[in-house]
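Colleague: Handing over run28.pdb, PDB, C-alpha atoms, pLDDT in the B column.
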```
ATOM      1  CA  ARG M   1       0.000   0.000   0.000  1.00 69.00           C
ATOM      2  CA  ALA M   2       2.787   2.413   0.922  1.00 76.00           C
ATOM      3  CA  GLU M   3       4.571   1.749  -2.379  1.00 79.00           C
ATOM      4  CA  TRP M   4       1.403   2.430  -4.358  1.00 77.00           C
ATOM      5  CA  ALA M   5       0.611   5.583  -2.373  1.00 77.00           C
ATOM      6  CA  GLU M   6       4.141   6.913  -2.814  1.00 81.00           C
ATOM      7  CA  GLY M   7       4.212   6.026  -6.522  1.00 78.00           C
ATOM      8  CA  ALA M   8       7.994   6.385  -6.783  1.00 84.00           C
ATOM      9  CA  SER M   9       9.068   2.838  -7.669  1.00 90.00           C
ATOM     10  CA  GLU M  10       9.347   1.797 -11.318  1.00 91.00           C
ATOM     11  CA  ARG M  11       6.582  -0.773 -11.008  1.00 91.00           C
ATOM     12  CA  ALA M  12       4.278   1.711  -9.264  1.00 91.00           C
ATOM     13  CA  LYS M  13       4.858   4.204 -12.080  1.00 93.00           C
ATOM     14  CA  LEU M  14       4.111   1.537 -14.691  1.00 94.00           C
ATOM     15  CA  LEU M  15       0.976   0.480 -12.880  1.00 93.00           C
ATOM     16  CA  ARG M  16      -0.259   4.047 -12.479  1.00 93.00           C
ATOM     17  CA  ALA M  17       0.263   4.676 -16.186  1.00 94.00           C
ATOM     18  CA  HIS M  18      -1.769   1.608 -17.184  1.00 95.00           C
ATOM     19  CA  ASP M  19      -4.057   1.143 -14.199  1.00 95.00           C
ATOM     20  CA  TYR M  20      -7.436  -0.364 -15.068  1.00 96.00           C
ATOM     21  CA  VAL M  21      -8.927  -0.554 -11.561  1.00 96.00           C
ATOM     22  CA  ARG M  22     -10.790   2.468 -10.236  1.00 95.00           C
ATOM     23  CA  PHE M  23     -12.438   3.192  -6.901  1.00 97.00           C
ATOM     24  CA  CYS M  24     -16.044   4.228  -7.577  1.00 97.00           C
ATOM     25  CA  GLY M  25     -17.415   4.921  -4.107  1.00 97.00           C
ATOM     26  CA  LEU M  26     -19.357   2.917  -1.524  1.00 97.00           C
ATOM     27  CA  ASP M  27     -22.251   0.520  -2.012  1.00 97.00           C
ATOM     28  CA  ARG M  28     -25.452   0.869  -0.004  1.00 95.00           C
ATOM     29  CA  ARG M  29     -23.900  -1.075   2.886  1.00 93.00           C
ATOM     30  CA  GLY M  30     -20.754   1.046   2.984  1.00 94.00           C
ATOM     31  CA  CYS M  31     -18.411  -1.364   1.194  1.00 96.00           C
ATOM     32  CA  PRO M  32     -15.967   0.031  -1.398  1.00 97.00           C
ATOM     33  CA  VAL M  33     -16.937  -0.583  -5.031  1.00 98.00           C
ATOM     34  CA  TYR M  34     -14.179  -1.022  -7.608  1.00 98.00           C
ATOM     35  CA  LEU M  35     -14.458  -0.909 -11.377  1.00 97.00           C
ATOM     36  CA  HIS M  36     -12.207  -3.160 -13.495  1.00 97.00           C
ATOM     37  CA  GLN M  37     -11.965  -1.818 -17.059  1.00 96.00           C
ATOM     38  CA  MET M  38     -11.271  -5.174 -18.657  1.00 94.00           C
ATOM     39  CA  ALA M  39     -11.539  -4.600 -22.424  1.00 92.00           C
ATOM     40  CA  GLN M  40      -8.981  -1.796 -22.391  1.00 94.00           C
ATOM     41  CA  CYS M  41      -6.452  -3.279 -19.987  1.00 95.00           C
ATOM     42  CA  ASP M  42      -3.207  -5.188 -20.421  1.00 97.00           C
ATOM     43  CA  PRO M  43      -2.503  -7.007 -17.140  1.00 97.00           C
ATOM     44  CA  VAL M  44      -0.395  -9.555 -19.008  1.00 97.00           C
ATOM     45  CA  GLY M  45       1.785  -6.686 -20.216  1.00 97.00           C
ATOM     46  CA  ILE M  46       2.056  -5.304 -16.678  1.00 97.00           C
ATOM     47  CA  ALA M  47       3.027  -8.771 -15.446  1.00 97.00           C
ATOM     48  CA  ARG M  48       5.576  -9.112 -18.257  1.00 96.00           C
ATOM     49  CA  GLU M  49       7.277  -5.815 -17.463  1.00 96.00           C
ATOM     50  CA  ALA M  50       6.869  -5.640 -13.673  1.00 95.00           C
ATOM     51  CA  GLY M  51       6.106  -9.215 -12.556  1.00 95.00           C
ATOM     52  CA  GLU M  52       2.857 -11.037 -11.836  1.00 96.00           C
ATOM     53  CA  GLU M  53       3.217 -10.042  -8.180  1.00 95.00           C
ATOM     54  CA  THR M  54       2.654  -6.402  -9.171  1.00 94.00           C
ATOM     55  CA  VAL M  55      -0.765  -7.168 -10.639  1.00 96.00           C
ATOM     56  CA  LEU M  56      -1.690  -9.534  -7.808  1.00 96.00           C
ATOM     57  CA  LEU M  57      -0.731  -7.097  -5.047  1.00 94.00           C
ATOM     58  CA  HIS M  58      -2.640  -4.295  -6.755  1.00 94.00           C
ATOM     59  CA  LEU M  59      -5.805  -6.395  -6.795  1.00 96.00           C
ATOM     60  CA  LEU M  60      -5.253  -7.597  -3.232  1.00 95.00           C
ATOM     61  CA  ARG M  61      -4.949  -3.984  -2.061  1.00 94.00           C
ATOM     62  CA  THR M  62      -8.532  -3.363  -3.194  1.00 95.00           C
ATOM     63  CA  PHE M  63      -9.707  -6.641  -1.653  1.00 96.00           C
ATOM     64  CA  GLU M  64      -8.174  -5.666   1.687  1.00 95.00           C
ATOM     65  CA  GLU M  65     -10.033  -2.365   1.674  1.00 96.00           C
ATOM     66  CA  GLN M  66     -13.288  -4.163   0.960  1.00 96.00           C
ATOM     67  CA  THR M  67     -12.820  -6.816   3.641  1.00 95.00           C
ATOM     68  CA  ALA M  68     -11.796  -4.130   6.168  1.00 95.00           C
ATOM     69  CA  ALA M  69     -15.102  -2.372   5.508  1.00 95.00           C
ATOM     70  CA  MET M  70     -16.970  -5.659   5.934  1.00 94.00           C
ATOM     71  CA  ARG M  71     -15.249  -6.285   9.275  1.00 94.00           C
ATOM     72  CA  ALA M  72     -16.053  -2.763  10.455  1.00 94.00           C
ATOM     73  CA  GLN M  73     -19.678  -3.262   9.492  1.00 91.00           C
ATOM     74  CA  PHE M  74     -19.841  -6.499  11.469  1.00 91.00           C
ATOM     75  CA  LEU M  75     -18.305  -4.880  14.569  1.00 93.00           C
ATOM     76  CA  GLU M  76     -20.767  -1.996  14.344  1.00 91.00           C
ATOM     77  CA  THR M  77     -23.961  -3.918  13.585  1.00 90.00           C
ATOM     78  CA  GLY M  78     -23.259  -7.495  14.650  1.00 91.00           C
ATOM     79  CA  SER M  79     -24.510  -8.752  11.271  1.00 89.00           C
ATOM     80  CA  LEU M  80     -22.411 -10.405   8.607  1.00 87.00           C
ATOM     81  CA  SER M  81     -22.050  -8.580   5.314  1.00 89.00           C
ATOM     82  CA  PRO M  82     -23.262 -10.500   2.240  1.00 92.00           C
ATOM     83  CA  GLY M  83     -20.100  -9.355   0.490  1.00 94.00           C
ATOM     84  CA  CYS M  84     -19.066  -6.591  -1.862  1.00 96.00           C
ATOM     85  CA  VAL M  85     -20.072  -5.526  -5.355  1.00 97.00           C
ATOM     86  CA  ASP M  86     -17.495  -5.653  -8.150  1.00 97.00           C
ATOM     87  CA  LEU M  87     -17.910  -4.020 -11.562  1.00 98.00           C
ATOM     88  CA  TYR M  88     -16.220  -5.445 -14.654  1.00 96.00           C
ATOM     89  CA  ASP M  89     -16.727  -3.196 -17.664  1.00 96.00           C
ATOM     90  CA  THR M  90     -15.970  -4.915 -20.980  1.00 94.00           C
ATOM     91  CA  GLY M  91     -16.670  -1.852 -23.099  1.00 93.00           C
ATOM     92  CA  ASN M  92     -13.637  -0.941 -25.226  1.00 93.00           C
ATOM     93  CA  TYR M  93     -14.253   2.810 -25.368  1.00 93.00           C
ATOM     94  CA  ALA M  94     -10.649   3.648 -26.263  1.00 92.00           C
ATOM     95  CA  GLY M  95     -10.466   1.122 -29.097  1.00 92.00           C
ATOM     96  CA  VAL M  96      -7.475  -0.697 -27.587  1.00 93.00           C
ATOM     97  CA  PRO M  97      -6.533  -3.376 -30.155  1.00 92.00           C
ATOM     98  CA  GLY M  98      -6.532  -7.146 -29.689  1.00 91.00           C
ATOM     99  CA  THR M  99      -9.457  -7.467 -27.297  1.00 88.00           C
ATOM    100  CA  ILE M 100      -9.976 -11.217 -27.725  1.00 86.00           C
ATOM    101  CA  LYS M 101      -6.259 -12.033 -27.738  1.00 90.00           C
ATOM    102  CA  ARG M 102      -5.729  -9.997 -24.572  1.00 92.00           C
ATOM    103  CA  GLY M 103      -8.832 -11.502 -22.979  1.00 89.00           C
ATOM    104  CA  LEU M 104      -7.691 -15.057 -23.622  1.00 89.00           C
ATOM    105  CA  GLY M 105      -4.227 -14.147 -22.358  1.00 92.00           C
ATOM    106  CA  MET M 106      -5.709 -12.928 -19.075  1.00 93.00           C
ATOM    107  CA  VAL M 107      -7.410 -16.248 -18.338  1.00 90.00           C
ATOM    108  CA  PRO M 108      -4.329 -18.208 -17.136  1.00 92.00           C
ATOM    109  CA  LEU M 109      -3.011 -15.141 -15.278  1.00 94.00           C
ATOM    110  CA  TYR M 110      -6.267 -14.615 -13.393  1.00 92.00           C
ATOM    111  CA  MET M 111      -6.795 -18.327 -12.838  1.00 90.00           C
ATOM    112  CA  GLY M 112      -3.433 -18.385 -11.074  1.00 91.00           C
ATOM    113  CA  PHE M 113      -4.548 -15.472  -8.918  1.00 92.00           C
ATOM    114  CA  ALA M 114      -7.888 -17.171  -8.242  1.00 87.00           C
ATOM    115  CA  ARG M 115      -6.189 -19.792  -6.080  1.00 85.00           C
ATOM    116  CA  VAL M 116      -5.186 -16.976  -3.726  1.00 89.00           C
ATOM    117  CA  PHE M 117      -8.544 -15.225  -3.979  1.00 89.00           C
ATOM    118  CA  ASP M 118     -10.548 -18.374  -3.184  1.00 84.00           C
ATOM    119  CA  VAL M 119      -8.429 -19.338  -0.168  1.00 85.00           C
ATOM    120  CA  VAL M 120      -7.884 -15.924   1.431  1.00 89.00           C
ATOM    121  CA  TYR M 121     -11.089 -14.097   0.415  1.00 90.00           C
ATOM    122  CA  PRO M 122     -13.722 -16.833  -0.082  1.00 84.00           C
ATOM    123  CA  GLU M 123     -16.742 -14.696   0.868  1.00 86.00           C
ATOM    124  CA  ARG M 124     -15.602 -11.296  -0.391  1.00 92.00           C
ATOM    125  CA  VAL M 125     -17.918 -11.014  -3.408  1.00 93.00           C
ATOM    126  CA  HIS M 126     -21.670 -10.660  -3.178  1.00 95.00           C
ATOM    127  CA  VAL M 127     -22.275  -9.899  -6.868  1.00 96.00           C
ATOM    128  CA  ALA M 128     -19.879  -9.334  -9.763  1.00 95.00           C
ATOM    129  CA  PHE M 129     -21.459  -7.353 -12.605  1.00 97.00           C
ATOM    130  CA  VAL M 130     -19.935  -7.884 -16.048  1.00 95.00           C
ATOM    131  CA  VAL M 131     -21.386  -5.112 -18.204  1.00 96.00           C
ATOM    132  CA  ARG M 132     -21.300  -4.047 -21.867  1.00 95.00           C
ATOM    133  CA  ALA M 133     -20.264  -7.558 -22.855  1.00 91.00           C
ATOM    134  CA  PRO M 134     -19.944  -7.715 -26.667  1.00 86.00           C
ATOM    135  CA  ARG M 135     -20.913 -10.803 -28.617  1.00 81.00           C
ATOM    136  CA  LEU M 136     -17.235 -11.820 -28.842  1.00 78.00           C
ATOM    137  CA  PHE M 137     -17.074 -11.882 -25.031  1.00 82.00           C
ATOM    138  CA  ASP M 138     -18.578 -15.382 -25.217  1.00 80.00           C
ATOM    139  CA  VAL M 139     -15.261 -16.662 -26.597  1.00 79.00           C
ATOM    140  CA  VAL M 140     -13.342 -15.585 -23.490  1.00 81.00           C
ATOM    141  CA  TRP M 141     -16.177 -16.458 -21.111  1.00 80.00           C
ATOM    142  CA  ARG M 142     -16.413 -20.044 -22.383  1.00 81.00           C
ATOM    143  CA  VAL M 143     -12.688 -20.546 -21.751  1.00 80.00           C
ATOM    144  CA  ALA M 144     -12.855 -19.087 -18.246  1.00 79.00           C
ATOM    145  CA  TYR M 145     -16.255 -20.450 -17.181  1.00 77.00           C
ATOM    146  CA  SER M 146     -15.264 -24.083 -16.642  1.00 76.00           C
ATOM    147  CA  ARG M 147     -12.369 -23.009 -14.431  1.00 75.00           C
ATOM    148  CA  ILE M 148     -14.453 -20.834 -12.132  1.00 78.00           C
ATOM    149  CA  PRO M 149     -15.837 -22.548  -8.992  1.00 77.00           C
ATOM    150  CA  GLU M 150     -19.595 -23.093  -9.068  1.00 80.00           C
ATOM    151  CA  ALA M 151     -20.118 -20.911  -5.970  1.00 80.00           C
ATOM    152  CA  THR M 152     -18.350 -18.030  -7.721  1.00 81.00           C
ATOM    153  CA  ARG M 153     -20.204 -18.528 -11.018  1.00 84.00           C
ATOM    154  CA  ARG M 154     -23.510 -18.063  -9.208  1.00 90.00           C
ATOM    155  CA  LYS M 155     -22.358 -14.575  -8.158  1.00 92.00           C
ATOM    156  CA  VAL M 156     -21.531 -13.393 -11.687  1.00 92.00           C
ATOM    157  CA  ARG M 157     -24.116 -11.452 -13.689  1.00 94.00           C
ATOM    158  CA  VAL M 158     -23.332 -10.817 -17.371  1.00 93.00           C
ATOM    159  CA  PHE M 159     -25.061  -8.051 -19.323  1.00 95.00           C
ATOM    160  CA  GLY M 160     -24.904  -6.803 -22.897  1.00 94.00           C
ATOM    161  CA  PRO M 161     -24.186  -3.271 -24.124  1.00 94.00           C
ATOM    162  CA  ALA M 162     -27.365  -1.445 -23.024  1.00 96.00           C
ATOM    163  CA  CYS M 163     -27.251   0.066 -19.523  1.00 97.00           C
ATOM    164  CA  ALA M 164     -30.997  -0.460 -19.054  1.00 97.00           C
ATOM    165  CA  ALA M 165     -30.246  -4.167 -18.651  1.00 97.00           C
ATOM    166  CA  TRP M 166     -28.205  -3.746 -15.453  1.00 97.00           C
ATOM    167  CA  LEU M 167     -29.109  -0.388 -13.913  1.00 97.00           C
ATOM    168  CA  GLU M 168     -32.081  -1.544 -11.843  1.00 97.00           C
ATOM    169  CA  GLU M 169     -30.290  -4.538 -10.319  1.00 97.00           C
ATOM    170  CA  LEU M 170     -27.046  -2.645  -9.818  1.00 98.00           C
ATOM    171  CA  GLY M 171     -28.870   0.386  -8.435  1.00 98.00           C
ATOM    172  CA  ALA M 172     -30.479  -1.740  -5.725  1.00 98.00           C
ATOM    173  CA  LEU M 173     -26.988  -2.430  -4.368  1.00 98.00           C
ATOM    174  CA  VAL M 174     -25.005   0.665  -5.338  1.00 98.00           C
ATOM    175  CA  PRO M 175     -26.206   4.307  -5.169  1.00 98.00           C
ATOM    176  CA  PRO M 176     -26.006   6.395  -8.372  1.00 97.00           C
ATOM    177  CA  GLU M 177     -23.053   8.459  -7.167  1.00 97.00           C
ATOM    178  CA  SER M 178     -20.973   5.255  -6.907  1.00 98.00           C
ATOM    179  CA  ILE M 179     -21.788   4.103 -10.443  1.00 97.00           C
ATOM    180  CA  PRO M 180     -19.467   5.596 -13.093  1.00 96.00           C
ATOM    181  CA  THR M 181     -21.200   8.117 -15.327  1.00 95.00           C
ATOM    182  CA  TRP M 182     -20.589   6.090 -18.477  1.00 96.00           C
ATOM    183  CA  LEU M 183     -22.335   3.065 -16.966  1.00 97.00           C
ATOM    184  CA  ARG M 184     -25.477   5.076 -16.215  1.00 97.00           C
ATOM    185  CA  THR M 185     -26.052   6.053 -19.828  1.00 96.00           C
ATOM    186  CA  ASP M 186     -25.501   4.814 -23.359  1.00 96.00           C
ATOM    187  CA  ASP M 187     -24.614   8.311 -24.568  1.00 94.00           C
ATOM    188  CA  ALA M 188     -21.207   8.156 -26.284  1.00 90.00           C
ATOM    189  CA  LEU M 189     -20.389  11.634 -24.932  1.00 92.00           C
ATOM    190  CA  ALA M 190     -20.126  10.095 -21.458  1.00 93.00           C
ATOM    191  CA  PHE M 191     -17.586   7.501 -22.581  1.00 92.00           C
ATOM    192  CA  ALA M 192     -14.629   9.923 -22.778  1.00 89.00           C
ATOM    193  CA  GLU M 193     -13.772   9.486 -19.095  1.00 87.00           C
ATOM    194  CA  ALA M 194     -13.526   5.719 -19.508  1.00 89.00           C
ATOM    195  CA  THR M 195     -10.970   5.957 -22.322  1.00 84.00           C
ATOM    196  CA  ARG M 196      -8.257   6.998 -19.856  1.00 87.00           C
ATOM    197  CA  LEU M 197      -8.233   3.643 -18.069  1.00 90.00           C
ATOM    198  CA  GLY M 198      -5.862   0.832 -19.041  1.00 94.00           C
ATOM    199  CA  GLY M 199      -4.017   0.839 -22.342  1.00 94.00           C
ATOM    200  CA  MET M 200      -1.347  -1.382 -23.866  1.00 95.00           C
ATOM    201  CA  VAL M 201       1.943  -1.739 -21.998  1.00 96.00           C
ATOM    202  CA  PRO M 202       4.928  -1.213 -24.327  1.00 94.00           C
ATOM    203  CA  ARG M 203       7.777  -3.700 -24.265  1.00 91.00           C
ATOM    204  CA  ARG M 204      11.000  -2.371 -22.864  1.00 84.00           C
ATOM    205  CA  GLY M 205      13.811  -2.351 -25.369  1.00 65.00           C
TER
END
```
Output the structure of this file as structure tokens.
Modeller:
Amino acid sequence: RAEWAEGASERAKLLRAHDYVRFCGLDRRGCPVYLHQMAQCDPVGIAREAGEETVLLHLLRTFEEQTAAMRAQFLETGSLSPGCVDLYDTGNYAGVPGTIKRGLGMVPLYMGFARVFDVVYPERVHVAFVVRAPRLFDVVWRVAYSRIPEATRRKVRVFGPACAAWLEELGALVPPESIPTWLRTDDALAFAEATRLGGMVPRRG
């Protein structure tokens, strides 16, 4: 956490330049909500240039903040939290090339991370929303689906490109101010903010 906050190390600089995870706000129970801008990101490139540990630790930092909020909620109310809400946006607003190739490349990387996620944070997720999934998303999803535990699959909700499909269900869990602007509308003018997330990681010479 200190390394990320300071931002001085080479891997922190690389990650900041190509970060695809954004804090959105709190859900209706007070748990942090994070957006993962999947269609524009290059975690395999980050892992190639800075090590898989860099990507893993970045994700775990967000998980720790979520589980800390869940623990605080339990201590305050005495009731267990159902878990947190994750947002996975598969809209490629910036037109980053090679979406399917990058998506398939992420599968083994994230499956390796999943062994840590499932053991250390088994009850972290309440619902994972995968939104703006294009038709080609099925190619990546079919590869990943069989490797995802059944309990986790039941928590994943996949939606197509129109925001009307997910807004009601998502809005029941997350207030409007914690939902990114471009996920509350289908107006292309709102997509500009999303184009700044992610991007291809250049190979070092």
Colleague: Could you give me, as a count of residues only, the residues that sit within 12 Å of (-20.7, 5.4, -13.3) in the file's coordinates, counting all atoms listed in the file?
Modeller: 33
Colleague: Mind giving me the straight-line distance from CA of Leu136 in chain M to CA of Pro108 in chain M in Å, one decimal?
Modeller: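 Separating CA of Leu136 in chain M from CA of Pro108 in chain M is a distance of 18.6 Å.
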Colleague: If you apply the PyMOL selection byres ((chain M and resi 83) around 10) to this file, what residues do you get, as a VMD selection string?
Modeller: chain M and resid 29 31 66 to 67 69 to 70 80 to 82 84 to 86 122 to 127
Colleague: Could those residues be written to a file, using C-alpha atoms, as a compact mmCIF listing (two decimals), keeping the file's coordinate frame?
Modeller:
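For reference, again00.txt as written:
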```
# COMPACT_ATOMS: atom_id res chain seq x y z
CA ARG M 29 -23.90 -1.08 2.89
CA CYS M 31 -18.41 -1.36 1.19
CA GLN M 66 -13.29 -4.16 0.96
CA THR M 67 -12.82 -6.82 3.64
CA ALA M 69 -15.10 -2.37 5.51
CA MET M 70 -16.97 -5.66 5.93
CA LEU M 80 -22.41 -10.40 8.61
CA SER M 81 -22.05 -8.58 5.31
CA PRO M 82 -23.26 -10.50 2.24
CA CYS M 84 -19.07 -6.59 -1.86
CA VAL M 85 -20.07 -5.53 -5.36
CA ASP M 86 -17.50 -5.65 -8.15
CA PRO M 122 -13.72 -16.83 -0.08
CA GLU M 123 -16.74 -14.70 0.87
CA ARG M 124 -15.60 -11.30 -0.39
CA VAL M 125 -17.92 -11.01 -3.41
CA HIS M 126 -21.67 -10.66 -3.18
CA VAL M 127 -22.28 -9.90 -6.87
```
Colleague: From (-19.8, -5.8, -18.6), in the file's coordinates, out to 8 Å: which residues are reached, counting only C-alpha atoms? Answer as a PyMOL selection string.
Modeller: chain M and resi 87-91+129-133+158-161
Colleague: For a test of reading the model, state the distance in Å between CA of Ala165 in chain M and CA of Asp138 in chain M, rounded to one decimal.
Modeller: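 CA of Ala165 in chain M sits 17.5 Å away from CA of Asp138 in chain M.
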Colleague: Grab the CA of Val201 in chain M to CA of Tyr121 in chain M distance for me, in Å with one decimal place.
Modeller: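 Between CA of Val201 in chain M and CA of Tyr121 in chain M the gap is 28.7 Å.
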Colleague: Using all atoms listed in the file, determine which residues lie at most 10 Å from Gly198 in chain M, disregarding the query and same-chain residues fewer than 3 positions distant; provide the list as a list in words.
Modeller: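 Listing them by chain and then by number gives Leu15, Arg16, Ala17, His18, Asp19, Tyr20, Val21, His36, Gln37, Met38, Ala39, Gln40, Cys41, Asp42, Pro43, Ala94, Val96, Ala194, Thr195 and Val201 of chain M.
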Colleague: Check the smallest atom-to-atom distance from each of M:Glu6, M:Val107, M:Thr54, M:Glu64 to Tyr145 in chain M using all atoms listed in the file, then report the winner.
Modeller: M:Val107
Colleague: Which polymer residues have any atom within 12 Å of an atom of Glu3 in chain M, counting all atoms listed in the file, with same-chain residues fewer than 5 positions away left out, as a VMD selection string?
Modeller: chain M and resid 8 to 13 15 to 16 54 57 to 58 61
Colleague: Quick one: of M:Val139, M:Leu56, M:Pro134, M:Ala50, who's nearest to Leu104 in chain M, counting all atoms listed in the file?
Modeller: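 Using all atoms listed in the file, Leu104 in chain M sits closest to M:Val139.
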Colleague: Counting only C-alpha atoms, which residue out of M:Glu150, M:Asp27, M:Glu53, M:Asp187 sits closest to Leu109 in chain M?
Modeller: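 Looking only at the distances to Leu109 in chain M, the closest residue turns out to be M:Glu53.
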Colleague: Sorted by chain and rising residue number, list the residues of range 99-203 of chain M at most 10 Å from range 45-49 of chain M (counting all atoms listed in the file), each with its closest atom pair and distance in Å to one decimal, as a tab-separated table.
Modeller:
```
residue	atom	partner	partner_atom	distance
M:Arg102	CA	M:Gly45	CA	9.3
M:Gly105	CA	M:Gly45	CA	9.8
M:Met106	CA	M:Gly45	CA	9.8
M:Leu109	CA	M:Ala47	CA	8.8
M:Gly199	CA	M:Gly45	CA	9.7
M:Met200	CA	M:Gly45	CA	7.2
M:Val201	CA	M:Gly45	CA	5.3
M:Pro202	CA	M:Gly45	CA	7.5
M:Arg203	CA	M:Glu49	CA	7.1
```
Colleague: So which one's closest to Val116 in chain M, M:Glu168, M:Ser79, M:Ala162, M:Leu59? Using only C-alpha atoms, please.
Modeller: M:Leu59
Colleague: Between M:Ala128, M:Met111, M:Leu189, M:Leu197, which one has atoms that come closest to Trp166 in chain M, using all atoms listed in the file?
Modeller: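 Under the stated criterion, the closest residue is M:Ala128.
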Colleague: Mind completing range 190-205 of chain M with N, CA, C and O atoms? Output as a compact mmCIF listing (two decimals), in the frame of the given file, please?
Modeller:
```txt
# COMPACT_ATOMS: atom_id res chain seq x y z
N ALA M 190 -20.53 10.42 -22.83
CA ALA M 190 -20.13 10.10 -21.46
C ALA M 190 -18.97 9.11 -21.42
O ALA M 190 -18.40 8.86 -20.34
N PHE M 191 -18.61 8.54 -22.55
CA PHE M 191 -17.59 7.50 -22.58
C PHE M 191 -16.17 8.05 -22.51
O PHE M 191 -15.22 7.28 -22.27
N ALA M 192 -15.98 9.36 -22.71
CA ALA M 192 -14.63 9.92 -22.78
C ALA M 192 -13.82 9.64 -21.51
O ALA M 192 -12.62 9.36 -21.58
N GLU M 193 -14.48 9.72 -20.36
CA GLU M 193 -13.77 9.49 -19.10
C GLU M 193 -13.22 8.07 -19.01
O GLU M 193 -12.14 7.85 -18.47
N ALA M 194 -13.94 7.12 -19.59
CA ALA M 194 -13.53 5.72 -19.51
C ALA M 194 -12.31 5.43 -20.38
O ALA M 194 -11.58 4.48 -20.12
N THR M 195 -12.07 6.24 -21.40
CA THR M 195 -10.97 5.96 -22.32
C THR M 195 -9.61 6.11 -21.67
O THR M 195 -8.60 5.64 -22.20
N ARG M 196 -9.55 6.76 -20.51
CA ARG M 196 -8.26 7.00 -19.86
C ARG M 196 -7.78 5.80 -19.04
O ARG M 196 -6.65 5.81 -18.53
N LEU M 197 -8.60 4.80 -18.89
CA LEU M 197 -8.23 3.64 -18.07
C LEU M 197 -7.57 2.56 -18.91
O LEU M 197 -8.01 2.25 -20.01
N GLY M 198 -6.49 1.96 -18.38
CA GLY M 198 -5.86 0.83 -19.04
C GLY M 198 -4.87 1.24 -20.10
O GLY M 198 -4.06 2.14 -19.92
N GLY M 199 -4.94 0.58 -21.26
CA GLY M 199 -4.02 0.84 -22.34
C GLY M 199 -2.94 -0.24 -22.44
O GLY M 199 -2.65 -0.93 -21.47
N MET M 200 -2.38 -0.38 -23.63
CA MET M 200 -1.35 -1.38 -23.87
C MET M 200 -0.02 -0.98 -23.20
O MET M 200 0.35 0.18 -23.21
N VAL M 201 0.66 -1.97 -22.65
CA VAL M 201 1.94 -1.74 -22.00
C VAL M 201 3.04 -2.01 -23.03
O VAL M 201 3.17 -3.12 -23.53
N PRO M 202 3.86 -1.00 -23.35
CA PRO M 202 4.93 -1.21 -24.33
C PRO M 202 6.03 -2.12 -23.77
O PRO M 202 6.30 -2.11 -22.57
N ARG M 203 6.64 -2.89 -24.66
CA ARG M 203 7.78 -3.70 -24.26
C ARG M 203 9.01 -2.82 -24.09
O ARG M 203 9.26 -1.93 -24.90
N ARG M 204 9.75 -3.09 -23.05
CA ARG M 204 11.00 -2.37 -22.86
C ARG M 204 12.04 -2.89 -23.84
O ARG M 204 12.15 -4.09 -24.09
N GLY M 205 12.80 -1.98 -24.39
CA GLY M 205 13.81 -2.35 -25.37
C GLY M 205 14.91 -3.20 -24.80
O GLY M 205 15.48 -4.01 -25.46
```
